[in-house]
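Enquirer: Here you go, one structure.
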Amino acid sequence: MTKFIELFASGISLGFIYALIAVGFVIVFKAMEVVNFAHGSLLLLGGYTVARLSDRLGFVLAAVAGIVASALAALLIERVLLRTNRGADPTAFSIMMIGVDIVMFTELTRRIGSNVFGLGDPWGSKLVHAGSVSVPQTRVAAIVIGLLLISAFFAVTKFTSWGVAMRASAEDGEAAALMGIRRWRVSAIAWVIAGALAAIAGIFLVSFPTPGLDNSTGLDALKAFPAAILGGLDSTSGALVGGIAIGLAETLTSGYENSLPFLGRGFGSIMPYVIMIAVLLWRPSGLFGTKAVARV
C-alpha cells in the first residue's frame, strides 16, 4: 500500500508537469489552430539555459533567464515564421514546426552532448515524509506551482480582455477580426505564455528523482502531447485532466512493471501513446475537445 501511495503521489506531480506542457500545446492551438511540434525543444532550451547559468547566477535568476529565453524563442518563431506567412494553411504551419523542432533539437543536443546537467535547484534530493510514505520535495513543489500556474491561467482566460479575445478567436477568427480583435496580439501572447510554461515544466521535469537534463529531455517532454490529445487540443481544462491521467498511467505502469512481465520492460514509457491511440479511436476530438460539425 505504501508503494502505491508513493507512486500515486509521484504520478500526480508528474501529471501536473505534463499538464503545464499540454496547456502550452492547447493555448497555441486555440490561438492559431497550429500544433506546435517545437514545444519540446522550447522546453529543452529553457532547461539548458537554467543549467548553464545556475552556477554563475544562482538558481532563481537562472530560472528567470531560462523562462525568458524560451518565451522569447517562442515569440521569435511566431513573429518570423508564422506572422510573415499569415493566411497560410494551419496544417502547413504545423508541418513547419516539425522542421523548427529538428533544427532546435539538433543544435541543443550538440551543445549538451553526452553530459547530464543539474539545475542547482534548492530542493535537491530532499524528501517529504508522511508516515511511512516519502515523496521528493521537487514533486510536491511541482504540484503546488503547477496548480497555482494553471489556476492563474484559467483566471486570465476567463476574466481578462486577452482571455476573451483568445476565446473569441478560437470560436470564429474572422468574426473576431471584424469585431476589432487584433489576432496577431492574441497569437503573440499565446506563444510567449506557451514558451514560459514549457521552461517552468522543464525545470521540474529534470529535477530529482530524475538524474538531470540530458539530450533526451526534449523527447521526454513530448509525452505531454498525448495529454493534450487526451483532453482535447482546444480544451485547457482537458489539458489538466489529460496531464494527470497520463502522469498516473506512466508512473503506475513503470512502478509495477515487474508484476506485469507480459508487457515487457520499459512499457511505462510508451503507455502515454497507447492511451492516446485508444482515446483517438473512441473519441477523435479528445475527452473534452469540441466535436467538428460539418454540413452535408
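Residues are named by chain letter and number: chains run A, B, ... in the order of the C-alpha cells, numbers start at 1 in each chain, and ligands are numbered from 1 in the order shown.
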Do you have, as a tab-separated table, the list of residues of region 3-58 of chain A lying at most 6 Å from region 191-201 of chain A, each with its nearest atom pair and that distance in Å to one decimal, counting only C-alpha atoms and ordered by chain then number?
Expert:
residue	atom	partner	partner_atom	distance
A:Ile17	CA	A:Ala201	CA	5.3
A:Leu20	CA	A:Leu197	CA	5.9
A:Ile21	CA	A:Ala198	CA	5.4
A:Gly24	CA	A:Ala194	CA	4.1
A:Leu43	CA	A:Ala198	CA	4.7
A:Gly46	CA	A:Ala199	CA	4.5
Enquirer: With N, CA, C and O atoms kept, could you save the residues just selected as a PDB file, in the first residue's frame?
Expert:
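What landed in selection03.pdb:
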ATOM      1  N   ILE A  17       3.203  18.395 -14.217  1.00  0.00           N
ATOM      2  CA  ILE A  17       4.262  18.825 -15.132  1.00  0.00           C
ATOM      3  C   ILE A  17       3.796  18.650 -16.574  1.00  0.00           C
ATOM      4  O   ILE A  17       3.945  19.550 -17.415  1.00  0.00           O
ATOM      5  N   LEU A  20       1.268  21.329 -17.520  1.00  0.00           N
ATOM      6  CA  LEU A  20       1.852  22.619 -17.891  1.00  0.00           C
ATOM      7  C   LEU A  20       2.308  22.607 -19.352  1.00  0.00           C
ATOM      8  O   LEU A  20       2.119  23.578 -20.087  1.00  0.00           O
ATOM      9  N   ILE A  21       2.925  21.497 -19.757  1.00  0.00           N
ATOM     10  CA  ILE A  21       3.367  21.384 -21.147  1.00  0.00           C
ATOM     11  C   ILE A  21       2.161  21.305 -22.079  1.00  0.00           C
ATOM     12  O   ILE A  21       2.122  21.949 -23.136  1.00  0.00           O
ATOM     13  N   GLY A  24       0.522  24.477 -22.927  1.00  0.00           N
ATOM     14  CA  GLY A  24       1.246  25.184 -23.978  1.00  0.00           C
ATOM     15  C   GLY A  24       0.801  24.752 -25.369  1.00  0.00           C
ATOM     16  O   GLY A  24       0.630  25.588 -26.270  1.00  0.00           O
ATOM     17  N   LEU A  43      11.155  23.644 -24.383  1.00  0.00           N
ATOM     18  CA  LEU A  43      11.395  23.171 -23.018  1.00  0.00           C
ATOM     19  C   LEU A  43      12.874  22.873 -22.807  1.00  0.00           C
ATOM     20  O   LEU A  43      13.464  23.244 -21.779  1.00  0.00           O
ATOM     21  N   GLY A  46      14.861  26.104 -22.432  1.00  0.00           N
ATOM     22  CA  GLY A  46      14.728  26.690 -21.104  1.00  0.00           C
ATOM     23  C   GLY A  46      15.540  25.948 -20.067  1.00  0.00           C
ATOM     24  O   GLY A  46      16.256  26.562 -19.254  1.00  0.00           O
TER      25      GLY A  46
END
Enquirer: Give one line per residue of region 158-262 of chain A that approaches region 128-141 of chain A to at most 10 Å, naming the two atoms of the closest pair and their distance in Å to one decimal, counting only C-alpha atoms; sort by chain then ascending residue number and deliver it as a Markdown table.
Expert:
| residue | atom | partner | partner_atom | distance |
| --- | --- | --- | --- | --- |
| A:Ile203 | CA | A:Thr138 | CA | 9.7 |
| A:Phe204 | CA | A:Thr138 | CA | 6.8 |
| A:Leu205 | CA | A:Arg139 | CA | 9.3 |
| A:Val206 | CA | A:Thr138 | CA | 9.9 |
| A:Ser207 | CA | A:Thr138 | CA | 6.7 |
| A:Phe208 | CA | A:Thr138 | CA | 6.5 |
| A:Pro209 | CA | A:Pro136 | CA | 7.1 |
Enquirer: Can you work out which one of A:Ile102, A:Met276, A:Ala188, A:Leu233 has the shortest atom-to-atom distance to Arg79 (chain A), counting only C-alpha atoms?
Expert: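 Ranking A:Ile102, A:Met276, A:Ala188, A:Leu233 by distance to Arg79 (chain A), first place goes to A:Ala188.
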Enquirer: I'd like the interatomic distance between CA of Gly113 (chain A) and CA of Asp214 (chain A), to a tenth of an Å.
Expert: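 If I compute the distance from CA of Gly113 (chain A) to CA of Asp214 (chain A), I get 7.8 Å.
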Enquirer: Excluding Leu252 (chain A) and its own-chain neighbours fewer than 3 positions away, which residues fall within 8 Å of it when counting only C-alpha atoms? Please give them as a short mmCIF file (atom, residue, chain, number, x, y, z; two decimals) with N, CA and C atoms, in the first residue's frame.
Expert:
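Below is the file that was written, out30.cif:
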data_model
loop_
_atom_site.label_atom_id
_atom_site.label_comp_id
_atom_site.auth_asym_id
_atom_site.auth_seq_id
_atom_site.Cartn_x
_atom_site.Cartn_y
_atom_site.Cartn_z
N PHE A 4 2.08 1.99 -3.45
CA PHE A 4 1.03 2.56 -4.31
C PHE A 4 0.84 4.04 -4.01
N LEU A 7 3.75 5.99 -5.46
CA LEU A 7 3.63 6.05 -6.92
C LEU A 7 2.49 6.97 -7.33
N PHE A 8 1.40 6.93 -6.58
CA PHE A 8 0.26 7.78 -6.89
C PHE A 8 0.63 9.26 -6.75
N GLY A 11 2.90 10.17 -9.52
CA GLY A 11 2.15 10.27 -10.77
C GLY A 11 1.36 11.57 -10.86
N LEU A 248 -0.20 9.64 -14.14
CA LEU A 248 -0.54 8.49 -13.30
C LEU A 248 -0.33 7.18 -14.05
N ALA A 249 -0.79 7.12 -15.29
CA ALA A 249 -0.66 5.89 -16.06
C ALA A 249 0.80 5.50 -16.27
N GLY A 255 6.08 1.61 -12.23
CA GLY A 255 6.28 1.13 -10.87
C GLY A 255 5.94 -0.33 -10.68
N TYR A 256 4.97 -0.82 -11.45
CA TYR A 256 4.52 -2.21 -11.29
C TYR A 256 4.91 -3.08 -12.48
N GLY A 268 6.14 1.38 -19.54
CA GLY A 268 5.61 2.63 -18.98
C GLY A 268 5.93 3.84 -19.84
#
Enquirer: I'd like the contact shell of Phe29 (chain A) - 7 Å cut-off, only C-alpha atoms, skipping same-chain residues fewer than 4 positions apart - returned as a compact mmCIF listing (two decimals) with all heavy atoms, in the first residue's frame.
Expert:
# COMPACT_ATOMS: atom_id res chain seq x y z
N PHE A 25 0.63 23.46 -25.56
CA PHE A 25 0.10 22.96 -26.84
C PHE A 25 -1.28 23.55 -27.11
O PHE A 25 -1.59 24.01 -28.22
CB PHE A 25 0.00 21.44 -26.83
CG PHE A 25 1.29 20.71 -27.08
CD1 PHE A 25 1.92 20.01 -26.07
CD2 PHE A 25 1.87 20.72 -28.34
CE1 PHE A 25 3.11 19.33 -26.29
CE2 PHE A 25 3.05 20.05 -28.58
CZ PHE A 25 3.68 19.35 -27.56
N GLU A 33 -4.71 27.52 -34.32
CA GLU A 33 -5.02 26.22 -34.89
C GLU A 33 -3.76 25.54 -35.42
O GLU A 33 -3.79 24.81 -36.41
CB GLU A 33 -6.08 26.32 -35.99
CG GLU A 33 -7.43 26.81 -35.48
CD GLU A 33 -8.49 26.81 -36.56
OE1 GLU A 33 -8.12 26.69 -37.75
OE2 GLU A 33 -9.67 26.92 -36.23
N VAL A 34 -2.64 25.81 -34.77
CA VAL A 34 -1.35 25.23 -35.14
C VAL A 34 -0.89 24.30 -34.03
O VAL A 34 -0.94 24.66 -32.84
CB VAL A 34 -0.30 26.33 -35.37
CG1 VAL A 34 1.09 25.73 -35.57
CG2 VAL A 34 -0.68 27.19 -36.57
N VAL A 35 -0.44 23.11 -34.39
CA VAL A 35 0.15 22.18 -33.43
C VAL A 35 1.64 22.49 -33.35
O VAL A 35 2.37 22.33 -34.33
CB VAL A 35 -0.07 20.71 -33.83
CG1 VAL A 35 0.55 19.78 -32.79
CG2 VAL A 35 -1.56 20.42 -33.97
N LEU A 233 -7.36 19.15 -27.94
CA LEU A 233 -6.40 20.20 -28.25
C LEU A 233 -6.96 21.61 -28.07
O LEU A 233 -6.20 22.58 -28.05
CB LEU A 233 -5.87 20.03 -29.68
CG LEU A 233 -4.57 19.26 -29.82
CD1 LEU A 233 -4.22 19.07 -31.29
CD2 LEU A 233 -3.43 19.94 -29.08
N ASP A 234 -8.27 21.74 -27.98
CA ASP A 234 -8.85 23.07 -27.79
C ASP A 234 -9.46 23.24 -26.41
O ASP A 234 -10.29 24.13 -26.20
CB ASP A 234 -9.90 23.35 -28.87
CG ASP A 234 -11.05 22.35 -28.84
OD1 ASP A 234 -10.93 21.33 -28.14
OD2 ASP A 234 -12.06 22.60 -29.52
Enquirer: Just list as a ChimeraX atom specification whatever in region 49-200 of chain A DSSP marks as alpha helix (DSSP H).
Expert: /A:49-57,59-76,90-112,137-159,161-171,173-178,183-200
Enquirer: Do a neighbour search on region 89-98 of chain A at 9 Å with only C-alpha atoms, toss out local chain neighbours closer than 3 positions, and write the hits as a ChimeraX atom specification.
Expert: /A:32-39,77,81-82,85-86,101-103
Enquirer: Skipping near chain neighbours, those fewer than 4 positions away, what residues fall within 9 Å of Phe105 (chain A) using only C-alpha atoms, listed as a ChimeraX atom specification?
Expert: /A:38,40-42,44-45,100-101,109-110,215,218
